[in-house]
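Okay, structure first, notes after.
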Amino acid sequence: MTRGAPGTAARIGTLPGMDFAGPLRLAVAALAIGALLSLAAPAHARAAPEALPDVAAAELPVEARRTLALIRNGGPFPYERDGVRFGNRERLLPAKPRGYYREYTVRTPGARNRGARRIVCGGPPRTPDACYYTHDHYQSFARIRE
């Protein structure tokens with residue numbers, strides 16, 4: 001063990017004059033505070049649902065326009081999960097009663113599965129009050145203008 005200056009405790013495994021404990025504690029505290037803040041308000045959930053961007057139906061990919069037409073006609077839908085209840089757990093869409101929203105798959109060329117693209121509609125199945133498009137599997141939405 002090395003002897004330090006009079007009145008100081010000897011530190012094992014440190015270089016003389018190099019104390020990293022203080023800055024290390026500050027860095028750990030800053031990381032912990034940042035993690036807590038990110039849990040309290042996720043970045044993608046901060047925007048009010050009323051502030052969602054709009055997209056004209058004519059600007060959607062052709063596959064999304066086909067899905068919209070199927071929704072208006074009541075099907076038939078190509079995927080078994082089309083028309084199931086969408087829970088809005090991400091809270092990115094306006095708050096509505098349970099069962100209000102339904103989701104529909106938008107085909108993704110080249111995808112071996114359903115892909116990430118969806119249309120979520122609220123209200124009556126054939127005449128929805130509003131529909132929303134997501135290209136990134138519910139991470140963001142745009143309200144569809146028809």
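Letters A, B, ... go to the chains of the structure tokens in the order shown; residues in each chain start at 1; ligands are counted from 1 in the same order.
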Practice task
Quick one: everything within 6 Å of A:Val120, counting only C-alpha atoms, minus sequence neighbours fewer than 2 positions away in the same chain. Send it as a PyMOL selection string.
Solution key: chain A and resi 102-103+131-132
Exercise for the section: For A:Thr105, list every protein, DNA or RNA residue within 7 Å, evaluated using only C-alpha atoms, and leave out those in the same chain fewer than 2 positions away; present the list as a PyMOL selection string. Expected result: chain A and resi 82+103+107+114+117-119
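Take the candidates A:Pro128, A:Val106, A:Pro94, A:Leu60 and check each one against A:Gly74 using only C-alpha atoms; the shortest distance goes to A:Pro128.
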Exercise for the section: Would you mind listing what lies within 12 Å of A:Arg126 as number ranges by chain, with only C-alpha atoms counted and same-chain residues fewer than 6 positions away left out? Expected result: A: 68-75, 83, 102
Keeping C-alpha atoms for every residue in the selection just given, could you write it to a file as a PDB file, in the first residue's frame?
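Output below, filename result_7.pdb:
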```pdb
ATOM      1  CA  LEU A  68     -58.308   2.507 -48.350  1.00  0.00           C
ATOM      2  CA  ALA A  69     -60.590   1.332 -51.166  1.00  0.00           C
ATOM      3  CA  LEU A  70     -60.915  -2.090 -49.513  1.00  0.00           C
ATOM      4  CA  ILE A  71     -61.817  -0.409 -46.210  1.00  0.00           C
ATOM      5  CA  ARG A  72     -64.572   1.615 -47.928  1.00  0.00           C
ATOM      6  CA  ASN A  73     -65.901  -1.549 -49.641  1.00  0.00           C
ATOM      7  CA  GLY A  74     -65.747  -3.688 -46.508  1.00  0.00           C
ATOM      8  CA  GLY A  75     -63.123  -6.043 -47.927  1.00  0.00           C
ATOM      9  CA  GLY A  83     -59.831  -5.080 -39.320  1.00  0.00           C
ATOM     10  CA  ARG A 102     -59.167  -0.779 -36.351  1.00  0.00           C
TER      11      ARG A 102
END
```
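Interatomic distance, atom CA of A:Arg91 to atom CA of A:Arg143: 14.4 Å.
Between A:Glu59 and the residues A:Phe141, A:Phe86, A:Tyr79, A:Tyr133, the shortest atom-to-atom distance, using only C-alpha atoms, involves A:Tyr133.
When only C-alpha atoms are used to measure the gap to A:Ala57, the shortest distance among A:Ala130, A:Ala111, A:Ile144, A:Ala116 belongs to A:Ile144.
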Handout entry: Length of the atom CA of A:Ala51 to atom CA of A:Arg81 vector [Å]
Key = 28.5 Å
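Taking atom CA of A:Leu92 and atom CA of A:His137 as the two end points, the separation is 12.1 Å.
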